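**Q** Sending over model-v8.cif (mmCIF, C-alpha atoms).
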```cif
data_coords
loop_
_atom_site.label_atom_id
_atom_site.label_comp_id
_atom_site.auth_asym_id
_atom_site.auth_seq_id
_atom_site.Cartn_x
_atom_site.Cartn_y
_atom_site.Cartn_z
CA MET A 21 72.90 101.01 100.86
CA ASP A 22 76.71 100.97 100.69
CA ALA A 23 77.73 97.81 98.80
CA ASP A 24 81.11 97.69 100.54
CA VAL A 25 79.44 97.69 103.94
CA VAL A 26 77.02 94.95 102.89
CA ARG A 27 80.00 92.88 101.72
CA ALA A 28 81.85 93.52 104.98
CA VAL A 29 78.85 92.43 107.08
CA ASN A 30 78.44 89.32 104.97
CA ASP A 31 82.13 88.44 105.29
CA LEU A 32 82.02 88.91 109.07
CA THR A 33 78.92 86.74 109.34
CA ALA A 34 80.48 84.01 107.17
CA ARG A 35 83.68 83.92 109.24
CA TRP A 36 81.64 83.73 112.42
CA ALA A 37 79.39 80.98 111.00
CA ARG A 38 82.41 78.78 110.32
CA THR A 39 83.22 78.73 114.05
CA LEU A 40 79.78 77.69 115.32
CA PRO A 41 79.45 74.38 117.12
CA ALA A 42 76.97 71.75 115.98
CA GLY A 43 73.38 72.17 117.09
CA ASN A 44 70.68 74.82 116.94
CA THR A 45 72.14 78.30 117.02
CA VAL A 46 71.81 81.73 115.45
CA VAL A 47 74.11 84.76 115.16
CA SER A 48 73.81 88.31 113.85
CA GLY A 49 76.87 89.67 112.12
CA LEU A 50 74.77 92.73 111.32
CA GLY A 51 74.24 93.35 115.03
CA LEU A 52 77.95 93.12 115.75
CA TRP A 53 79.42 94.94 112.75
CA PRO A 54 78.45 98.53 113.67
CA LEU A 55 80.02 98.15 117.12
CA LEU A 56 83.30 96.89 115.68
CA ALA A 57 83.32 99.73 113.12
CA ILE A 58 82.74 102.37 115.82
CA LEU A 59 85.41 100.86 118.06
CA ALA A 60 87.86 100.85 115.13
CA THR A 61 87.46 104.61 114.80
CA ALA A 62 87.80 105.10 118.56
CA ALA A 63 90.74 102.75 119.19
CA ASP A 64 94.46 103.44 119.33
CA GLU A 65 97.00 101.20 117.65
CA PRO A 66 97.45 98.28 117.45
CA GLY A 67 93.82 97.61 118.39
CA ARG A 68 92.66 100.11 115.75
CA THR A 69 94.08 98.04 112.90
CA GLU A 70 92.81 94.75 114.37
CA LEU A 71 89.26 96.07 114.70
CA ALA A 72 89.30 97.67 111.24
CA GLN A 73 90.44 94.42 109.66
CA ALA A 74 87.78 92.41 111.49
CA ALA A 75 85.08 94.86 110.36
CA GLY A 76 86.52 95.16 106.84
CA VAL A 77 86.41 98.95 107.00
CA ASP A 78 88.81 101.88 107.00
CA ALA A 79 89.27 102.81 110.65
CA GLU A 80 88.84 106.54 110.06
CA ALA A 81 85.47 105.99 108.34
CA GLY A 82 84.20 103.18 110.58
CA SER A 83 81.97 105.18 112.90
CA GLY A 84 80.42 107.18 110.08
CA ARG A 85 79.69 104.06 108.07
CA ALA A 86 78.13 102.36 111.08
CA LEU A 87 75.76 105.27 111.61
CA ALA A 88 74.97 105.45 107.90
CA LEU A 89 74.13 101.73 107.91
CA VAL A 90 71.66 102.14 110.77
CA ARG A 91 70.04 105.10 109.02
CA ALA A 92 69.76 103.09 105.81
CA ILE A 93 68.13 100.19 107.65
CA GLU A 94 65.47 102.55 108.93
CA GLY A 95 64.26 102.83 105.34
CA SER A 96 63.16 99.18 105.49
CA ALA A 97 59.53 98.31 106.08
CA ASP A 98 60.30 95.19 108.14
CA LEU A 99 63.73 95.76 109.70
CA HIS A 100 64.50 98.14 112.56
CA ALA A 101 67.93 99.02 113.96
CA ALA A 102 69.21 101.20 116.77
CA LEU A 103 72.52 102.14 118.36
CA GLY A 104 72.94 103.25 121.95
CA VAL A 105 75.80 104.46 124.13
CA TRP A 106 75.72 104.86 127.90
CA VAL A 107 78.57 106.65 129.67
CA HIS A 108 79.34 106.61 133.38
CA GLU A 109 78.51 109.97 134.91
CA GLN A 110 82.03 110.22 136.36
CA LEU A 111 83.91 109.32 133.17
CA LYS A 112 85.85 112.19 131.68
CA LEU A 113 85.31 112.29 127.91
CA ALA A 114 87.86 113.21 125.27
CA GLU A 115 87.26 116.26 123.10
CA THR A 116 87.01 113.89 120.12
CA PHE A 117 84.21 111.83 121.68
CA ASP A 118 81.39 113.46 119.69
CA SER A 119 83.17 112.75 116.42
CA VAL A 120 83.14 109.04 117.27
CA VAL A 121 79.74 108.76 118.97
CA PRO A 122 77.11 111.44 118.25
CA ALA A 123 75.55 112.91 121.40
CA PRO A 124 71.93 111.94 120.55
CA LEU A 125 72.86 108.30 121.06
CA MET A 126 74.21 108.83 124.57
CA GLY A 127 72.74 108.01 127.97
CA THR A 128 74.31 107.87 131.42
CA LEU A 129 75.39 105.16 133.83
CA THR A 130 75.65 105.40 137.61
CA GLY A 131 77.61 102.20 138.14
CA ARG A 132 74.75 100.80 140.25
CA ALA A 133 73.20 97.71 138.69
CA ALA A 134 69.83 98.33 140.34
CA VAL A 135 69.60 101.67 138.54
CA ASP A 136 71.39 101.02 135.25
CA LYS A 137 70.32 97.49 134.31
CA PRO A 138 66.55 98.17 134.14
CA LYS A 139 67.25 101.17 131.91
CA LEU A 140 69.39 99.10 129.53
CA ASP A 141 66.88 96.23 129.54
CA ALA A 142 64.05 98.63 128.69
CA TRP A 143 66.05 99.95 125.73
CA ALA A 144 66.63 96.41 124.45
CA ALA A 145 62.93 95.57 124.76
CA GLU A 146 61.85 98.79 123.07
CA HIS A 147 64.10 98.32 120.05
CA THR A 148 63.30 94.62 119.57
CA HIS A 149 59.52 94.92 120.03
CA ASP A 150 59.83 92.93 123.28
CA LEU A 151 61.43 89.96 121.53
CA ILE A 152 64.54 90.44 123.70
CA ARG A 153 63.92 91.98 127.10
CA GLU A 154 67.39 91.94 128.60
CA MET A 155 70.61 93.65 127.59
CA PRO A 156 73.43 91.05 127.64
CA VAL A 157 75.72 93.01 129.97
CA GLU A 158 76.63 92.92 133.64
CA ILE A 159 76.80 96.29 135.39
CA ASN A 160 79.40 96.88 138.10
CA PRO A 161 81.28 99.97 139.34
CA ASP A 162 84.13 99.39 136.87
CA VAL A 163 81.87 99.59 133.79
CA MET A 164 82.49 103.05 132.34
CA LEU A 165 80.75 102.77 128.97
CA VAL A 166 78.27 100.46 127.26
CA LEU A 167 77.93 100.43 123.47
CA ALA A 168 75.00 98.44 122.07
CA SER A 169 73.05 97.70 118.94
CA ALA A 170 69.55 96.31 118.56
CA LEU A 171 67.85 94.75 115.56
CA SER A 172 64.30 93.55 115.07
CA LEU A 173 62.72 91.97 112.03
CA ARG A 174 59.13 90.99 111.44
CA THR A 175 57.88 89.92 108.03
CA THR A 176 54.80 88.17 106.71
CA TRP A 177 55.00 85.60 103.92
CA VAL A 178 53.57 86.53 100.53
CA ARG A 179 52.14 83.02 100.51
CA PRO A 180 51.57 81.52 103.99
CA PHE A 181 52.20 77.90 104.89
CA THR A 182 49.73 75.37 106.20
CA GLU A 183 50.69 73.74 109.50
CA GLN A 184 50.24 70.21 110.71
CA ILE A 185 51.69 67.74 113.18
CA LYS A 186 53.94 65.27 111.39
CA ASN A 187 55.56 62.03 112.44
CA VAL A 188 58.90 61.85 110.64
CA GLN A 189 59.54 58.36 109.30
CA ALA A 190 63.05 58.59 107.87
CA GLY A 191 66.29 60.54 108.10
CA PRO A 192 68.10 61.99 111.12
CA TRP A 193 64.80 63.10 112.72
CA ALA A 194 63.09 59.73 112.26
CA GLY A 195 60.71 58.85 115.09
CA GLY A 196 60.07 62.48 116.01
CA ARG A 197 56.75 64.29 116.03
CA TRP A 198 56.97 67.92 114.93
CA HIS A 199 55.04 70.99 113.88
CA TRP A 200 55.48 70.90 110.11
CA LEU A 201 54.92 73.59 107.49
CA GLU A 202 53.94 73.06 103.87
CA ARG A 203 53.07 75.22 100.89
CA VAL A 204 52.95 75.09 97.08
CA ASP A 205 54.38 77.95 95.02
CA SER A 206 54.22 78.61 91.29
CA ASP A 207 57.65 80.28 91.33
CA LEU A 208 60.06 77.47 90.42
CA ASP A 209 63.03 79.84 90.58
CA ALA A 210 62.51 80.25 94.32
CA VAL A 211 64.85 77.25 94.47
CA ARG A 212 68.39 77.27 93.07
CA ARG A 213 71.25 74.81 93.11
CA TYR A 214 74.76 76.03 93.93
CA ASP A 215 77.03 73.04 93.37
CA ASP A 216 76.06 70.68 96.22
CA LEU A 217 73.94 73.29 98.01
CA THR A 218 70.19 73.81 97.55
CA VAL A 219 68.89 77.29 98.38
CA ILE A 220 65.20 78.17 98.74
CA THR A 221 63.99 81.77 98.95
CA VAL A 222 60.84 82.45 100.97
CA ARG A 223 59.56 85.92 100.08
CA GLY A 224 58.20 88.31 102.64
CA ASP A 225 55.43 90.73 101.74
CA ALA A 226 57.58 93.87 102.10
CA ASP A 227 61.35 94.04 101.64
CA VAL A 228 62.69 90.99 103.46
CA ASP A 229 63.21 87.43 102.24
CA VAL A 230 64.38 84.39 104.18
CA LEU A 231 66.79 81.97 102.50
CA LEU A 232 66.96 78.33 103.51
CA GLY A 233 69.90 76.12 102.57
CA VAL A 234 70.50 72.36 102.61
CA GLY A 235 73.70 70.68 101.52
CA SER A 236 75.89 67.63 101.82
CA GLY A 237 78.75 69.39 103.61
CA SER A 238 79.34 70.14 107.28
CA GLN A 239 77.32 72.72 109.21
CA PRO A 240 79.98 75.44 108.79
CA GLU A 241 80.29 74.68 105.07
CA VAL A 242 76.54 74.86 104.47
CA LEU A 243 76.20 78.08 106.46
CA ALA A 244 79.08 79.69 104.59
CA GLY A 245 77.67 78.47 101.29
CA LEU A 246 74.25 79.90 102.04
CA LEU A 247 75.76 83.28 102.91
CA GLY A 248 77.70 83.17 99.66
CA ALA A 249 74.52 82.37 97.75
CA ALA A 250 72.73 85.23 99.48
CA ALA A 251 75.39 87.60 98.19
CA ARG A 252 74.88 86.45 94.56
CA PRO A 253 71.17 85.61 94.18
CA ALA A 254 71.31 85.43 90.38
CA ASP A 255 73.93 82.68 90.38
CA GLY A 256 73.26 79.00 90.68
CA VAL A 257 70.98 76.85 88.56
CA PRO A 258 67.33 78.02 88.82
CA GLY A 259 64.40 75.71 89.34
CA THR A 260 63.07 76.29 85.82
CA ALA A 261 66.26 74.70 84.50
CA LEU A 262 66.41 71.97 87.13
CA ILE A 263 62.89 70.59 86.61
CA ASP A 264 63.76 69.03 83.23
CA GLN A 265 66.98 67.40 84.45
CA GLY A 266 65.50 64.24 85.92
CA GLU A 267 62.61 61.80 86.01
CA PRO A 268 60.02 61.78 88.81
CA GLY A 269 61.61 60.47 91.99
CA SER A 270 65.18 61.39 91.01
CA GLU A 271 67.25 63.63 93.29
CA LEU A 272 68.57 66.80 91.64
CA ALA A 273 70.39 68.30 94.64
CA PRO A 274 70.45 67.87 98.41
CA GLY A 275 66.86 67.96 99.63
CA LEU A 276 65.52 68.49 96.11
CA LYS A 277 63.92 65.88 93.88
CA VAL A 278 61.51 65.75 90.95
CA GLY A 279 57.91 64.99 91.88
CA GLN A 280 54.51 65.03 90.19
CA THR A 281 51.47 67.29 90.51
CA THR A 282 47.92 67.39 89.17
CA ALA A 283 48.17 71.16 88.73
CA PRO A 284 48.04 72.46 85.14
CA ARG A 285 51.55 73.92 85.42
CA PRO A 286 54.77 72.85 87.19
CA ASP A 287 55.03 74.13 90.75
CA LEU A 288 57.32 74.04 93.79
CA LYS A 289 56.34 72.28 97.01
CA LEU A 290 58.24 73.26 100.15
CA THR A 291 57.99 71.45 103.49
CA LEU A 292 59.99 72.10 106.66
CA PRO A 293 59.55 72.20 110.43
CA SER A 294 58.66 75.49 112.05
CA PHE A 295 61.52 76.61 114.26
CA ASN A 296 62.36 78.88 117.16
CA VAL A 297 66.09 79.26 117.83
CA GLU A 298 67.59 81.40 120.57
CA ALA A 299 71.24 81.84 121.54
CA GLU A 300 73.55 83.97 123.62
CA HIS A 301 77.17 84.38 122.56
CA ASP A 302 80.19 85.52 124.55
CA LEU A 303 82.12 87.31 121.83
CA LEU A 304 85.31 87.36 123.87
CA GLU A 305 85.62 83.63 123.28
CA LEU A 306 86.41 84.59 119.66
CA ARG A 307 88.26 87.84 120.35
CA GLU A 308 90.85 87.28 117.63
CA LEU A 309 88.12 86.75 115.00
CA PHE A 310 86.44 90.00 115.99
CA GLY A 311 89.59 92.12 116.31
CA LEU A 312 89.25 92.35 120.09
CA THR A 313 92.59 90.80 121.06
CA THR A 314 94.48 93.97 121.96
CA VAL A 315 91.62 96.10 123.25
CA THR A 316 90.69 93.48 125.86
CA THR A 317 94.16 93.49 127.42
CA ASP A 318 95.47 95.70 130.23
CA PRO A 319 95.78 99.12 128.57
CA GLY A 320 98.44 100.45 130.93
CA GLU A 321 98.47 104.16 131.70
CA HIS A 322 97.27 105.41 128.31
CA GLY A 323 94.35 103.12 127.50
CA HIS A 324 93.13 101.73 124.18
CA PHE A 325 90.52 104.40 123.41
CA SER A 326 91.99 107.88 123.77
CA ALA A 327 89.37 109.20 121.30
CA ILE A 328 86.73 108.33 123.91
CA SER A 329 88.39 109.20 127.19
CA PRO A 330 91.78 109.98 128.73
CA VAL A 331 90.90 107.40 131.39
CA PRO A 332 92.53 104.05 130.52
CA LEU A 333 89.74 101.84 129.14
CA ALA A 334 89.55 98.27 127.85
CA VAL A 335 86.73 96.12 126.50
CA GLY A 336 85.69 93.96 129.43
CA GLN A 337 82.50 92.39 128.08
CA ALA A 338 81.15 91.63 124.60
CA LYS A 339 77.97 89.59 124.21
CA GLN A 340 75.04 89.00 121.89
CA LYS A 341 71.51 87.70 122.50
CA VAL A 342 69.73 86.67 119.33
CA LEU A 343 66.65 84.74 118.26
CA ALA A 344 64.93 83.65 115.04
CA ARG A 345 61.43 82.22 114.54
CA PHE A 346 60.06 80.71 111.33
CA PHE A 347 56.34 79.94 111.42
CA ALA A 348 53.33 79.47 109.16
CA THR A 349 52.56 83.13 108.47
CA GLY A 350 55.97 84.77 108.71
CA PHE A 351 59.37 85.19 110.26
CA GLU A 352 60.72 87.28 113.11
CA ALA A 353 64.19 87.79 114.49
CA ALA A 354 65.94 90.05 116.96
CA ALA A 355 69.45 90.64 118.24
CA VAL A 356 70.96 92.79 120.95
CA THR A 357 74.75 93.10 120.96
CA SER A 358 76.66 94.94 123.67
CA MET A 359 80.21 95.91 124.50
CA ALA A 360 81.18 97.14 127.96
CA MET A 361 84.33 99.18 128.52
CA VAL A 362 85.92 99.02 131.93
CA ARG A 363 88.51 101.24 133.50
CA ALA A 364 91.92 99.73 133.98
CA SER A 365 93.39 99.21 137.40
CA MET A 366 95.57 102.13 138.36
CA PRO A 367 99.25 101.19 138.37
CA THR A 368 100.66 100.55 141.82
CA ARG A 369 103.89 102.19 142.96
CA GLN A 370 106.58 100.49 145.00
CA ALA A 371 108.10 102.39 147.94
CA ARG A 372 109.80 101.71 151.29
CA ARG A 373 107.71 101.06 154.39
CA LEU A 374 108.02 100.23 158.10
CA GLU A 375 106.52 97.06 159.51
CA VAL A 376 105.51 96.44 163.15
CA ALA A 377 104.53 92.98 164.42
CA LEU A 378 103.00 92.71 167.91
CA ASP A 379 103.84 89.04 168.33
CA GLN A 380 104.80 89.27 172.06
CA PRO A 381 103.18 90.76 175.21
CA PHE A 382 102.32 94.47 174.82
CA ALA A 383 100.63 97.34 176.66
CA PHE A 384 97.74 99.58 175.61
CA THR A 385 95.93 102.74 176.71
CA ALA A 386 93.10 105.01 175.58
CA VAL A 387 93.25 108.79 175.94
CA LEU A 388 91.24 111.84 175.05
CA ARG A 389 92.80 113.36 171.98
CA GLU A 390 93.06 116.98 173.02
CA SER A 391 93.83 116.69 176.76
CA ARG A 392 95.61 113.34 176.53
CA LEU A 393 93.57 112.21 179.55
CA PRO A 394 94.01 108.47 179.92
CA ILE A 395 90.74 106.57 179.99
CA VAL A 396 91.91 102.98 180.26
CA ALA A 397 95.27 101.29 180.12
CA GLY A 398 96.27 97.67 180.14
CA TRP A 399 98.52 94.86 179.12
CA VAL A 400 98.13 91.92 176.83
CA ALA A 401 100.16 88.96 178.01
CA THR A 402 98.54 86.47 175.70
CA PRO A 403 95.97 86.74 172.88
CA THR A 404 92.41 86.32 174.13
CA GLU A 405 90.37 85.30 171.02
CA PRO A 406 91.12 81.81 169.71
CA GLY A 407 90.88 81.32 165.99
CA ASP A 408 88.75 78.16 166.12
#
```
Please express the file's structure as structure tokens.
**A**
Amino acid sequence: MDADVVRAVNDLTARWARTLPAGNTVVSGLGLWPLLAILATAADEPGRTELAQAAGVDAEAGSGRALALVRAIEGSADLHAALGVWVHEQLKLAETFDSVVPAPLMGTLTGRAAVDKPKLDAWAAEHTHDLIREMPVEINPDVMLVLASALSLRTTWVRPFTEQIKNVQAGPWAGGRWHWLERVDSDLDAVRRYDDLTVITVRGDADVDVLLGVGSGSQPEVLAGLLGAAARPADGVPGTALIDQGEPGSELAPGLKVGQTTAPRPDLKLTLPSFNVEAEHDLLELRELFGLTTVTTDPGEHGHFSAISPVPLAVGQAKQKVLARFFATGFEAAAVTSMAMVRASMPTRQARRLEVALDQPFAFTAVLRESRLPIVAGWVATPTEPGD
């Protein structure tokens, strides 16, 4: 897999993570990145540069790298990815369209929500194994193109957890009663310390791991630190080095202390609550972060995406639905990200006109058009239908 693309996706995810509000949430920079890269290739300046910078990719190569990333993901045992494009049946396409979006990805839109939305929802469900059953997009007659990505991940732990109901006695969750997971692992190096951040790697049985991070900093700092640790897994101080740094009961790092075991060799005990986090994000709330500032404005007569269509288009919607579940036997996650392009309002022209106001008594008649035969005639002295 292209190392530069991996770095770009990680950077995008880290920047996004720093903006997240407190509380349970989840995002997928991987779900968003291919769409930004494709749009960078399709966009005109200045939106082209903004999108390329947000995606961390050369604009000319963005679409190709997005497609190559999806193809590379398909080599994974646990991770599935798909791209889809739906074009309104009345939208005229540019000759360069196929060089930006390959035809096999394309479907059609009618502009009627009753027809289009079920089709888009079915695609989302199919490519997330029914984890997400609705495409996060609203269909109306102005929607000319929908660009979407879907991701689904299902992995099983190499070593499953045991599950119990636990009453938490101390800490910020004190007084709560939760589903709690626990397991013992002989791999001490599954935990590493990165300054004031503790990172634990939970291995899946194929080609996916899940990293957990706990630190003393703020939520954005811990998230960014964990993403940084994920990018350099060999860094940090490994558990085999940490275990000799303190006496039983002493804290070595946030969430990590030295304990005791009756096992013949040192081991690693991990406990945490099972979790199920779901979120929906309106990406236009962070349009500057994602390079969407220009391409969401009125495009005027020429549009922002001449490589897609000569019809003036702008990004009118950008959303993501995403979920993550961590449980005793494994982990699953899914994300559907969509961008909807809408046609711009046609420019209005100013010209002279005549105005007539019947604000006094007036006459009327009705005639046959061809013979001019009068059918009725009359007079209106005062209006007859009160407004109340």
**Q** At a cut-off of 7 Å, can you tabulate as CSV every residue of region 65-116 of chain A near region 308-314 of chain A together with its closest atom pair and the distance in Å to one decimal, using only C-alpha atoms and ordering rows by chain then number?
**A**
```
residue,atom,partner,partner_atom,distance
A:Pro66,CA,A:Thr314,CA,6.9
A:Gly67,CA,A:Thr314,CA,5.1
A:Glu70,CA,A:Gly311,CA,4.6
A:Leu71,CA,A:Gly311,CA,4.3
A:Ala74,CA,A:Gly311,CA,5.2
```
**Q** Do you have the CA of Arg252 (chain A)-CA of Val342 (chain A) distance handy?
**A**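 These atoms are spaced 25.3 Å apart.
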**Q** With a distance cut-off of 12 Å and only C-alpha atoms, select the neighbouring residues of Thr148 (chain A), excluding the residue or stretch itself and same-chain residues fewer than 6 positions from it, and output the selection as a VMD selection string.
**A** chain A and resid 51 98 to 103 141 to 142 154 to 155 169 to 174 341 to 344 352 to 357
**Q** CA of Ala97 (chain A) to CA of Val228 (chain A): how many Å, to one decimal?
**A**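 Between CA of Ala97 (chain A) and CA of Val228 (chain A) the gap is 8.4 Å.
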**Q** Which residues, written as a PyMOL selection string, have at least one atom at most 9 Å from Gly248 (chain A), with all atoms listed in the file counted and residues fewer than 3 positions away on the same chain left out?
**A** chain A and resi 30-31+34+243-245+251-253
**Q** Quick one: which residues end up in the PyMOL selection byres ((chain A and resi 240) around 12) for this structure, as a count of residues only?
**A** 26
**Q** Near Thr260 (chain A), counting all atoms listed in the file, which residues have an atom at most 10 Å away, once you skip same-chain residues fewer than 6 positions from it, shown as JSON, numbers by chain?
**A** {"A": [207, 208, 209, 210, 211, 212, 286, 287]}
**Q** When you draw a straight line from CA of Ala114 (chain A) to CA of Val25 (chain A), how long is it in Å?
**A** 27.7 Å
**Q** When the PyMOL selection byres ((chain A and resi 160) around 7) is applied to the structure above, which residues does it catch, written out as a count of residues only?
**A** 8
**Q** Translate the PyMOL selection byres ((chain A and resi 167) around 6), as applied to the file shown, into an explicit residue set as an mmCIF file with C-alpha atoms, in the coordinates of the input.
**A**
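Done, and the output landed in part_26.cif:
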```
data_model
loop_
_atom_site.group_PDB
_atom_site.id
_atom_site.type_symbol
_atom_site.label_atom_id
_atom_site.label_comp_id
_atom_site.auth_asym_id
_atom_site.auth_seq_id
_atom_site.Cartn_x
_atom_site.Cartn_y
_atom_site.Cartn_z
ATOM 1 C CA GLY A 104 72.940 103.250 121.950
ATOM 2 C CA VAL A 105 75.800 104.460 124.130
ATOM 3 C CA VAL A 166 78.270 100.460 127.260
ATOM 4 C CA ALA A 168 75.000 98.440 122.070
ATOM 5 C CA SER A 358 76.660 94.940 123.670
ATOM 6 C CA MET A 359 80.210 95.910 124.500
#
```
